[in-house]
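Enquirer: For reference, this is model01.cif, and it has mmCIF, C-alpha atoms, pLDDT in the B column; chains and numbers go by the auth columns.
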```cif
data_coords
#
loop_
_atom_site.group_PDB
_atom_site.id
_atom_site.type_symbol
_atom_site.label_atom_id
_atom_site.label_comp_id
_atom_site.label_asym_id
_atom_site.label_seq_id
_atom_site.Cartn_x
_atom_site.Cartn_y
_atom_site.Cartn_z
_atom_site.B_iso_or_equiv
_atom_site.auth_seq_id
_atom_site.auth_asym_id
ATOM 1 C CA MET A 1 268.607 163.168 163.835 53.00 1 G
ATOM 2 C CA SER A 2 268.005 161.285 160.587 61.00 2 G
ATOM 3 C CA LYS A 3 264.498 160.581 159.329 74.00 3 G
ATOM 4 C CA PHE A 4 265.707 157.431 157.589 76.00 4 G
ATOM 5 C CA LYS A 5 263.966 154.320 158.876 81.00 5 G
ATOM 6 C CA ALA A 6 265.643 150.980 158.255 82.00 6 G
ATOM 7 C CA PRO A 7 263.451 148.398 156.492 85.00 7 G
ATOM 8 C CA SER A 8 262.044 145.635 158.644 90.00 8 G
ATOM 9 C CA LYS A 9 263.381 142.106 158.467 91.00 9 G
ATOM 10 C CA LYS A 10 260.021 140.860 157.164 93.00 10 G
ATOM 11 C CA PHE A 11 260.067 143.448 154.350 92.00 11 G
ATOM 12 C CA ILE A 12 263.596 142.436 153.362 93.00 12 G
ATOM 13 C CA GLN A 13 262.682 138.745 153.306 95.00 13 G
ATOM 14 C CA LYS A 14 259.590 139.413 151.174 96.00 14 G
ATOM 15 C CA GLU A 15 261.641 141.443 148.685 95.00 15 G
ATOM 16 C CA ILE A 16 264.322 138.747 148.413 96.00 16 G
ATOM 17 C CA VAL A 17 261.698 136.019 147.909 96.00 17 G
ATOM 18 C CA PHE A 18 259.973 138.176 145.277 97.00 18 G
ATOM 19 C CA GLY A 19 263.266 138.608 143.394 96.00 19 G
ATOM 20 C CA PHE A 20 263.939 134.862 143.678 97.00 20 G
ATOM 21 C CA LEU A 21 260.514 134.002 142.246 97.00 21 G
ATOM 22 C CA ILE A 22 260.840 136.553 139.434 96.00 22 G
ATOM 23 C CA SER A 23 264.189 134.986 138.574 95.00 23 G
ATOM 24 C CA LEU A 24 262.678 131.488 138.430 94.00 24 G
ATOM 25 C CA LEU A 25 259.897 132.826 136.228 95.00 25 G
ATOM 26 C CA SER A 26 262.468 134.525 134.016 95.00 26 G
ATOM 27 C CA THR A 27 264.445 131.291 133.677 93.00 27 G
ATOM 28 C CA THR A 28 261.265 129.379 132.825 92.00 28 G
ATOM 29 C CA ALA A 29 260.421 131.977 130.191 93.00 29 G
ATOM 30 C CA GLY A 30 263.984 131.680 128.870 91.00 30 G
ATOM 31 C CA ILE A 31 263.583 127.927 128.495 89.00 31 G
ATOM 32 C CA PHE A 32 260.286 128.375 126.663 89.00 32 G
ATOM 33 C CA LEU A 33 261.651 131.090 124.372 87.00 33 G
ATOM 34 C CA TYR A 34 264.712 129.008 123.546 84.00 34 G
ATOM 35 C CA LEU A 35 262.698 125.879 122.788 85.00 35 G
ATOM 36 C CA GLU A 36 259.958 127.665 120.877 84.00 36 G
ATOM 37 C CA PHE A 37 261.783 130.325 118.874 84.00 37 G
ATOM 38 C CA PHE A 38 265.484 129.539 118.666 82.00 38 G
ATOM 39 C CA SER A 39 265.291 125.839 117.931 82.00 39 G
ATOM 40 C CA LYS A 40 264.761 124.797 114.350 85.00 40 G
ATOM 41 C CA TYR A 41 262.633 121.818 115.451 84.00 41 G
ATOM 42 C CA GLU A 42 259.152 121.666 116.918 86.00 42 G
ATOM 43 C CA PHE A 43 258.737 122.105 120.684 82.00 43 G
ATOM 44 C CA VAL A 44 258.129 118.427 121.523 86.00 44 G
ATOM 45 C CA GLU A 45 260.887 117.276 119.164 89.00 45 G
ATOM 46 C CA THR A 46 263.351 119.702 120.737 87.00 46 G
ATOM 47 C CA VAL A 47 262.496 118.437 124.218 86.00 47 G
ATOM 48 C CA SER A 48 263.091 114.847 123.121 90.00 48 G
ATOM 49 C CA LEU A 49 266.433 115.822 121.520 89.00 49 G
ATOM 50 C CA ILE A 50 267.491 117.495 124.758 86.00 50 G
ATOM 51 C CA LYS A 51 266.518 114.369 126.672 87.00 51 G
ATOM 52 C CA GLU A 52 268.385 112.055 124.250 89.00 52 G
ATOM 53 C CA GLY A 53 271.519 114.214 124.251 85.00 53 G
ATOM 54 C CA ASN A 54 271.385 114.795 128.022 83.00 54 G
ATOM 55 C CA LEU A 55 271.633 118.546 127.356 84.00 55 G
ATOM 56 C CA TYR A 56 269.647 119.730 130.377 84.00 56 G
ATOM 57 C CA GLY A 57 272.560 121.703 131.820 84.00 57 G
ATOM 58 C CA THR A 58 273.335 123.448 128.554 85.00 58 G
ATOM 59 C CA VAL A 59 269.734 124.504 127.963 86.00 59 G
ATOM 60 C CA LEU A 60 269.351 125.636 131.570 86.00 60 G
ATOM 61 C CA SER A 61 272.453 127.801 131.370 86.00 61 G
ATOM 62 C CA ILE A 62 271.205 129.463 128.167 86.00 62 G
ATOM 63 C CA ALA A 63 267.749 129.908 129.670 87.00 63 G
ATOM 64 C CA ALA A 64 269.200 131.750 132.685 88.00 64 G
ATOM 65 C CA LEU A 65 270.386 134.654 130.511 90.00 65 G
ATOM 66 C CA PRO A 66 267.195 136.693 131.048 91.00 66 G
ATOM 67 C CA ASN A 67 268.132 136.815 134.742 92.00 67 G
ATOM 68 C CA LEU A 68 270.907 139.188 133.794 93.00 68 G
ATOM 69 C CA PHE A 69 268.412 141.689 132.453 94.00 69 G
ATOM 70 C CA VAL A 70 266.088 141.290 135.449 95.00 70 G
ATOM 71 C CA PHE A 71 269.021 141.774 137.828 95.00 71 G
ATOM 72 C CA PHE A 72 270.121 145.020 136.180 95.00 72 G
ATOM 73 C CA ILE A 73 266.554 146.341 136.009 96.00 73 G
ATOM 74 C CA PHE A 74 266.192 145.838 139.760 95.00 74 G
ATOM 75 C CA LEU A 75 269.538 147.538 140.364 95.00 75 G
ATOM 76 C CA LYS A 76 268.606 150.460 138.106 96.00 76 G
ATOM 77 C CA LYS A 77 265.341 150.899 140.019 96.00 77 G
ATOM 78 C CA LYS A 78 267.274 150.759 143.325 93.00 78 G
ATOM 79 C CA GLN A 79 265.509 147.567 144.408 94.00 79 G
ATOM 80 C CA ASP A 80 268.590 145.979 145.905 94.00 80 G
ATOM 81 C CA TYR A 81 266.847 143.263 147.902 95.00 81 G
ATOM 82 C CA ARG A 82 264.987 142.023 144.832 95.00 82 G
ATOM 83 C CA ALA A 83 268.279 142.027 142.923 96.00 83 G
ATOM 84 C CA ARG A 84 269.733 139.980 145.764 96.00 84 G
ATOM 85 C CA GLY A 85 266.943 137.413 145.299 96.00 85 G
ATOM 86 C CA VAL A 86 267.680 137.240 141.567 96.00 86 G
ATOM 87 C CA LEU A 87 271.355 136.722 142.334 95.00 87 G
ATOM 88 C CA MET A 88 270.548 133.910 144.776 96.00 88 G
ATOM 89 C CA ALA A 89 268.326 132.160 142.214 95.00 89 G
ATOM 90 C CA THR A 90 270.991 132.567 139.529 93.00 90 G
ATOM 91 C CA ILE A 91 273.591 130.996 141.792 94.00 91 G
ATOM 92 C CA LEU A 92 271.179 128.126 142.482 93.00 92 G
ATOM 93 C CA THR A 93 270.637 127.735 138.718 91.00 93 G
ATOM 94 C CA ALA A 94 274.401 127.678 138.181 90.00 94 G
ATOM 95 C CA LEU A 95 274.801 124.954 140.810 91.00 95 G
ATOM 96 C CA VAL A 96 272.007 122.885 139.253 90.00 96 G
ATOM 97 C CA THR A 97 273.594 123.379 135.827 87.00 97 G
ATOM 98 C CA PHE A 98 276.945 122.250 137.192 88.00 98 G
ATOM 99 C CA VAL A 99 275.395 119.111 138.703 88.00 99 G
ATOM 100 C CA LEU A 100 273.459 118.298 135.506 82.00 100 G
ATOM 101 C CA LYS A 101 276.518 118.862 133.340 80.00 101 G
ATOM 102 C CA PHE A 102 278.837 116.552 135.251 80.00 102 G
ATOM 103 C CA ILE A 103 276.517 113.829 136.527 73.00 103 G
#
```
Starting from the file, give its structure as structure tokens.
Expert:
Amino acid sequence: MSKFKAPSKKFIQKEIVFGFLISLLSTTAGIFLYLEFFSKYEFVETVSLIKEGNLYGTVLSIAALPNLFVFFIFLKKKQDYRARGVLMATILTALVTFVLKFI
């Protein structure tokens, strides 16, 4: 008989939610890093330019790039449920980007 014990449903849900939240935090950090370090304008000026140009979708898609690194770190560490949460948040970000881009 195997000594392997399947993880509980509550554990799986907590891990997925944790991955989802880490992904949202990663996207938020990506937005900040993009606005602060990669823009040639000041932070407030960049935000106003994004608002004027209706570039929310573009900035959000660039800011989601750190999710790729978080996803592969979780996979490398064999934390599949957390990686699943990151994937779910990335898909949600892609849907929001799609809506912002075409509306």
Enquirer: Padding 8 Å on each side, edges along x, y and z: where is the centre of the box around the listed atoms of range 49-65 of chain G, and how long are its edges in Å to one decimal? Output it as JSON.
Expert:
```
{"center_x": 269.9, "center_y": 123.4, "center_z": 127.1, "size_x": 22.9, "size_y": 38.6, "size_z": 27.2}
```
Enquirer: Take the PyMOL selection byres ((chain G and resi 18) around 10), run it mentally on this structure, and tell me the resulting residues as a PyMOL selection string.
Expert: chain G and resi 12-17+19-24+81-86
Enquirer: Which residue out of G:Gln79, G:Ser8, G:Asn67, G:Thr90 has the minimum interatomic distance to Ala29 in chain G when only C-alpha atoms are used?
Expert: G:Asn67
Enquirer: Would you pick out the contacts of Tyr34 in chain G at 12 Å or less, using all atoms listed in the file, so that residues sharing its chain but fewer than 6 positions from it are not included, and give the list as a list in words?
Expert: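 In the requested format, the answer is Thr27, Thr28, Lys40, Tyr41, Glu42, Phe43, Thr46, Val47, Ile50, Thr58, Val59, Leu60, Ser61, Ile62, Ala63, Ala64, Leu65 and Pro66 of chain G.
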Enquirer: Quick check, in Å to one decimal: how far apart do CA of Gly53 in chain G and CA of Ala89 in chain G lie?
Expert: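 Between CA of Gly53 in chain G and CA of Ala89 in chain G the gap works out to 25.6 Å.
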Enquirer: To one decimal place in Å, what is the distance between CA of Val70 in chain G and CA of Ser26 in chain G?
Expert: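 Distance reported for this atom pair: 7.8 Å.
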Enquirer: From the options G:Phe11, G:Phe38, G:Phe102, G:Phe69, which residue's atoms come nearest to Tyr56 in chain G, counting all atoms listed in the file?
Expert: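 Answer, going by the shortest atom-to-atom distance: G:Phe102.
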Enquirer: Within 9 Å of Phe98 in chain G, counting all atoms listed in the file, which residues qualify if same-chain residues fewer than 5 places away don't, as a PDB file with C-alpha atoms, in the frame of the given file?
Expert:
```pdb
ATOM      1  CA  GLY G  57     272.560 121.703 131.820  1.00 84.00           C
ATOM      2  CA  THR G  93     270.637 127.735 138.718  1.00 91.00           C
ATOM      3  CA  ILE G 103     276.517 113.829 136.527  1.00 73.00           C
TER       4      ILE G 103
END
```
Enquirer: For CA of Met88 in chain G and CA of Lys51 in chain G, determine how far apart the two atoms are, in Å to one decimal place.
Expert: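 One can read the CA of Met88 in chain G to CA of Lys51 in chain G distance as 26.9 Å.
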